[in-house]
Amino acid sequence: MGLYIGDKMMKYEEWSKLARKVSKKSLWMLHFCTGCGAIEMPPVMTSRYDMERFGIAPMATPRQADVLLITGYLTVKTLRRVIQVYEQMQSPKYVIAFGSCTINGGMYWDSYNTIKHLEKYIPVDVYIAGCMPRPEGIINAFIKLMELIDEGKARGWEKYQKYYDKYKENQRRVFNFEIEGENEEY
Amino acid sequence: MDMIGMAITIAILIAYAIIGSCVGLLFMGIGRKIIARVHNRVGPPFYQNFIDVAKLLSKKTNISHGWIFDLALLFSISGILLTLLFLPIGGVQLLSMEGDAFLILYLLAIPALGFALGAGASGNPNAGVGVMRALVMMLSYELPFIITLIALMIYYDTTSLATIVKMQSINGVKSWAITMPPFMLAAFAADMALQGMLMEQPFDIPVAPHEIASGPMVEFGGKYLGSLMLYKAIALVAETTLFVDLFLGGGVILHGRFAFVINFFVWFALIFLLFVISILIAASFPRFRIEQAFSFYWKYEAIIAAVSLIWVYILVIK
């Protein structure tokens, strides 16, 4: 597969390198803020920290977005919605996990109804540690994601396709603790 | 048609599509920059929208919702290109006929209906609400716009866009329609109608991202959203050009063999000015609800347009 430009054929690798160079400059973000981090997002979007100067813009629906930003803890019930939203997004798609709760459960480490490791259920490209991370931290994470995309290392979406069964198995295991009859779809 | 003629026609069409989308994307980028400066932000670079479209077109998965969803975008883009061919740009008009001022109104409705068809085919309730609002908005801004168009037709005694542009360019800037008092009123009404056509604030309720999740665009992603952005870019150029043709003499200030080069730049400056005015209005006003927008157009704008129509009629019969 390739594209002819002038005499020589452009290789598929070169072509996708160009696509990565372009797409790192335009990251459209869907912020899934059911956890506690939502209050950090308005300063990042508006005049104080202004994320639009990096080409990052908030989007309204998962179909239009490239980056899923998940703030804070996720209950089992919310995880179901996160997975639906993640699967609606168009690849290449990336996930940024925000706050300690997505890394190891944070202050909810012994809670009965939150998940501890987001990585088990959907592939995460960049983590932001802290409780709460500052707006600078969010922008820093986006710049790190840009570097990873440029180097071709942000391959979470390919991992999800490759190990789909494993991810589904993990998801099913956590949903089985929920009420009978509600876990038909997963 | 012979082969060479057909090849030239196809080449001109492609050139129009490329120029239209490039100018439109450049304007949208500059518009984002202006809005950012109004908000006291740095804002994205002016070429940000080119990057956005390139990124959307390079997406790897693209969800379709059936063949109507696929064809609707083609419908929109071809409709807006046809509109662009009928509009004089710097005095150069590729297709023309008697009565094309009426034809333009129908042609401008085609892309909007195609867009509505695609949004409806996606089956999303937000898209349905957005399409309903977009159609009500179209119904509202077309009344004042048609009244101003009729005033122009009565004054210049023609239904041809080419003649309207030609009559206004006899004495250069001095004979532009906007220099006459009745048409100043009409131009104000038409500019507000333009704001609704461009779907900028305060008339952006059909695509309000916070209320109905960007309305008709809710199910568009990847290459579909990229083509939609290209369509919006060309539509921006076509709609501002229509205003320039009607009130600002199509940007024609010189006559002669190579005058079209200068006229082209004047046209470009004028549509840019119109776009900046519309962006500044958008940056300073909040959004109207749909019934507020409707009553704004049908009460105040329609009355302003009707006053200019009566004024013109009195001028003509005297």
# chains A, B, ... in the order shown; residues from 1 in each chain; ligands from 1
$ residues_around --residues "Pro144 in chain B" --least-positions-apart "6" --cutoff "8 Å" --atoms "only C-alpha atoms" --output "PDB file with N, CA, C and O atoms, in the first residue's frame"
ATOM      1  N   ALA B 189     -29.932  44.213   7.425  1.00  0.00           N
ATOM      2  CA  ALA B 189     -30.785  43.024   7.555  1.00  0.00           C
ATOM      3  C   ALA B 189     -30.106  41.807   6.931  1.00  0.00           C
ATOM      4  O   ALA B 189     -30.102  40.709   7.500  1.00  0.00           O
ATOM      5  N   ALA B 190     -29.493  42.018   5.753  1.00  0.00           N
ATOM      6  CA  ALA B 190     -28.854  40.885   5.065  1.00  0.00           C
ATOM      7  C   ALA B 190     -27.633  40.395   5.827  1.00  0.00           C
ATOM      8  O   ALA B 190     -27.330  39.206   5.815  1.00  0.00           O
ATOM      9  N   ALA B 193     -28.834  38.186   8.432  1.00  0.00           N
ATOM     10  CA  ALA B 193     -29.196  36.909   7.808  1.00  0.00           C
ATOM     11  C   ALA B 193     -27.953  36.084   7.516  1.00  0.00           C
ATOM     12  O   ALA B 193     -27.950  34.861   7.685  1.00  0.00           O
ATOM     13  N   TYR B 297     -35.657  37.459  13.663  1.00  0.00           N
ATOM     14  CA  TYR B 297     -35.667  37.608  12.212  1.00  0.00           C
ATOM     15  C   TYR B 297     -37.021  38.062  11.693  1.00  0.00           C
ATOM     16  O   TYR B 297     -37.103  38.933  10.834  1.00  0.00           O
ATOM     17  N   TRP B 298     -38.094  37.458  12.194  1.00  0.00           N
ATOM     18  CA  TRP B 298     -39.394  37.743  11.580  1.00  0.00           C
ATOM     19  C   TRP B 298     -40.000  39.040  12.085  1.00  0.00           C
ATOM     20  O   TRP B 298     -40.810  39.635  11.401  1.00  0.00           O
ATOM     21  N   GLU B 301     -35.854  42.131  11.916  1.00  0.00           N
ATOM     22  CA  GLU B 301     -35.132  42.132  10.647  1.00  0.00           C
ATOM     23  C   GLU B 301     -36.085  42.257   9.475  1.00  0.00           C
ATOM     24  O   GLU B 301     -35.827  43.002   8.532  1.00  0.00           O
ATOM     25  N   ALA B 302     -37.192  41.541   9.540  1.00  0.00           N
ATOM     26  CA  ALA B 302     -38.151  41.590   8.429  1.00  0.00           C
ATOM     27  C   ALA B 302     -38.715  42.994   8.296  1.00  0.00           C
ATOM     28  O   ALA B 302     -38.932  43.486   7.179  1.00  0.00           O
ATOM     29  N   ALA B 305     -36.057  45.187   6.691  1.00  0.00           N
ATOM     30  CA  ALA B 305     -35.979  44.856   5.267  1.00  0.00           C
ATOM     31  C   ALA B 305     -37.187  45.408   4.526  1.00  0.00           C
ATOM     32  O   ALA B 305     -37.052  45.942   3.412  1.00  0.00           O
ATOM     33  N   ALA B 306     -38.385  45.339   5.146  1.00  0.00           N
ATOM     34  CA  ALA B 306     -39.597  45.821   4.480  1.00  0.00           C
ATOM     35  C   ALA B 306     -39.541  47.330   4.309  1.00  0.00           C
ATOM     36  O   ALA B 306     -39.968  47.860   3.262  1.00  0.00           O
TER      37      ALA B 306
END
$ interface_residues --of "chain A" --to "chain B" --cutoff "8 Å" --atoms "only C-alpha atoms" --output "ChimeraX atom specification"
/A:19,22-23,25-26,46-48,50,52-55,59-61,63-65,90-92
$ select_by_dssp --residues "range 10-177 of chain A" --states "helix (DSSP H, G or I)" --output "ChimeraX atom specification"
/A:12-23,37-45,51-54,76-88,101-104,106-108,118-120,135-151,156-162,164-175
$ residues_around --residues "Glu87 in chain A" --least-positions-apart "2" --cutoff "10 Å" --atoms "only C-alpha atoms" --output "list in words"
Pro62, Arg63, Arg81, Val82, Ile83, Gln84, Val85, Met89, Gln90, Ser91, Lys93, Ile122, Trp157 and Tyr160 of chain A
$ atom_distance --atom1 "CA of Asn104 in chain A" --atom2 "CA of Lys120 in chain A"
11.0 Å
$ atom_distance --atom1 "CA of Ile12 in chain B" --atom2 "CA of Leu18 in chain A"
29.1 Å
$ select_by_dssp --residues "chain A" --states "strand (DSSP E)" --output "PyMOL selection string"
chain A and resi 2-5+8-11+28-32+57-58+67-71+94-98+126-128
$ write_last_selection --atoms "C-alpha atoms" --output "mmCIF file, in the first residue's frame"
data_model
loop_
_atom_site.group_PDB
_atom_site.id
_atom_site.type_symbol
_atom_site.label_atom_id
_atom_site.label_comp_id
_atom_site.auth_asym_id
_atom_site.auth_seq_id
_atom_site.Cartn_x
_atom_site.Cartn_y
_atom_site.Cartn_z
ATOM 1 C CA GLY A 2 1.331 3.418 -0.819
ATOM 2 C CA LEU A 3 0.863 6.662 -2.650
ATOM 3 C CA TYR A 4 2.621 7.994 -5.755
ATOM 4 C CA ILE A 5 4.081 11.478 -5.478
ATOM 5 C CA LYS A 8 8.859 7.722 -6.553
ATOM 6 C CA MET A 9 6.386 5.821 -4.491
ATOM 7 C CA MET A 10 5.835 6.969 -0.962
ATOM 8 C CA LYS A 11 6.047 4.009 1.370
ATOM 9 C CA TRP A 28 -9.462 16.710 20.041
ATOM 10 C CA MET A 29 -10.335 15.769 23.561
ATOM 11 C CA LEU A 30 -13.395 14.258 25.157
ATOM 12 C CA HIS A 31 -13.240 14.796 28.891
ATOM 13 C CA PHE A 32 -14.996 12.121 30.889
ATOM 14 C CA ALA A 57 -9.843 21.452 21.608
ATOM 15 C CA PRO A 58 -12.696 20.019 23.668
ATOM 16 C CA VAL A 67 -8.217 11.674 23.149
ATOM 17 C CA LEU A 68 -10.305 10.322 26.002
ATOM 18 C CA LEU A 69 -9.350 12.067 29.226
ATOM 19 C CA ILE A 70 -10.623 10.217 32.284
ATOM 20 C CA THR A 71 -10.455 12.113 35.537
ATOM 21 C CA TYR A 94 -5.557 7.747 22.864
ATOM 22 C CA VAL A 95 -6.390 7.651 26.556
ATOM 23 C CA ILE A 96 -5.013 9.956 29.229
ATOM 24 C CA ALA A 97 -5.684 8.854 32.796
ATOM 25 C CA PHE A 98 -5.768 11.722 35.256
ATOM 26 C CA VAL A 126 -0.287 8.628 29.450
ATOM 27 C CA TYR A 127 -0.865 8.830 33.196
ATOM 28 C CA ILE A 128 -0.916 12.027 35.219
#
$ residues_around --residues "Leu117 in chain B" --least-positions-apart "2" --cutoff "10 Å" --atoms "only C-alpha atoms" --output "ChimeraX atom specification"
/B:68-69,71-73,75-76,111-115,119-122,128,131,216
$ write_last_selection --atoms "C-alpha atoms" --output "compact mmCIF listing (two decimals), in the first residue's frame"
# COMPACT_ATOMS: atom_id res chain seq x y z
CA ILE B 68 -27.68 7.95 2.71
CA PHE B 69 -25.08 9.00 5.28
CA LEU B 71 -24.08 10.23 -0.19
CA ALA B 72 -25.39 13.18 1.84
CA LEU B 73 -21.91 14.69 2.14
CA PHE B 75 -24.77 16.05 -2.04
CA SER B 76 -23.71 18.94 0.21
CA PRO B 111 -26.39 21.63 0.74
CA ALA B 112 -28.29 22.37 3.94
CA LEU B 113 -30.89 19.74 3.05
CA GLY B 114 -28.15 17.24 2.15
CA PHE B 115 -26.54 17.85 5.51
CA ALA B 119 -27.72 13.79 10.03
CA GLY B 120 -31.16 12.19 9.92
CA ALA B 121 -29.71 8.94 8.56
CA SER B 122 -27.42 8.66 11.58
CA GLY B 128 -32.76 15.04 14.85
CA VAL B 131 -31.74 19.30 12.09
CA PRO B 216 -26.40 17.37 13.31
$ closest_residue --among "A:Arg172, A:Arg134, A:Lys153, A:Lys159" --to "Arg20 in chain A" --atoms "only C-alpha atoms"
A:Lys153
$ residues_around --residues "Ser78 in chain B" --least-positions-apart "6" --cutoff "12 Å" --atoms "only C-alpha atoms" --output "count of residues only"
20
$ residues_around --residues "Tyr121 in chain A" --least-positions-apart "5" --cutoff "10 Å" --atoms "only C-alpha atoms" --output "PyMOL selection string"
chain A and resi 79-80+82-83+115+160+164+166-172+174
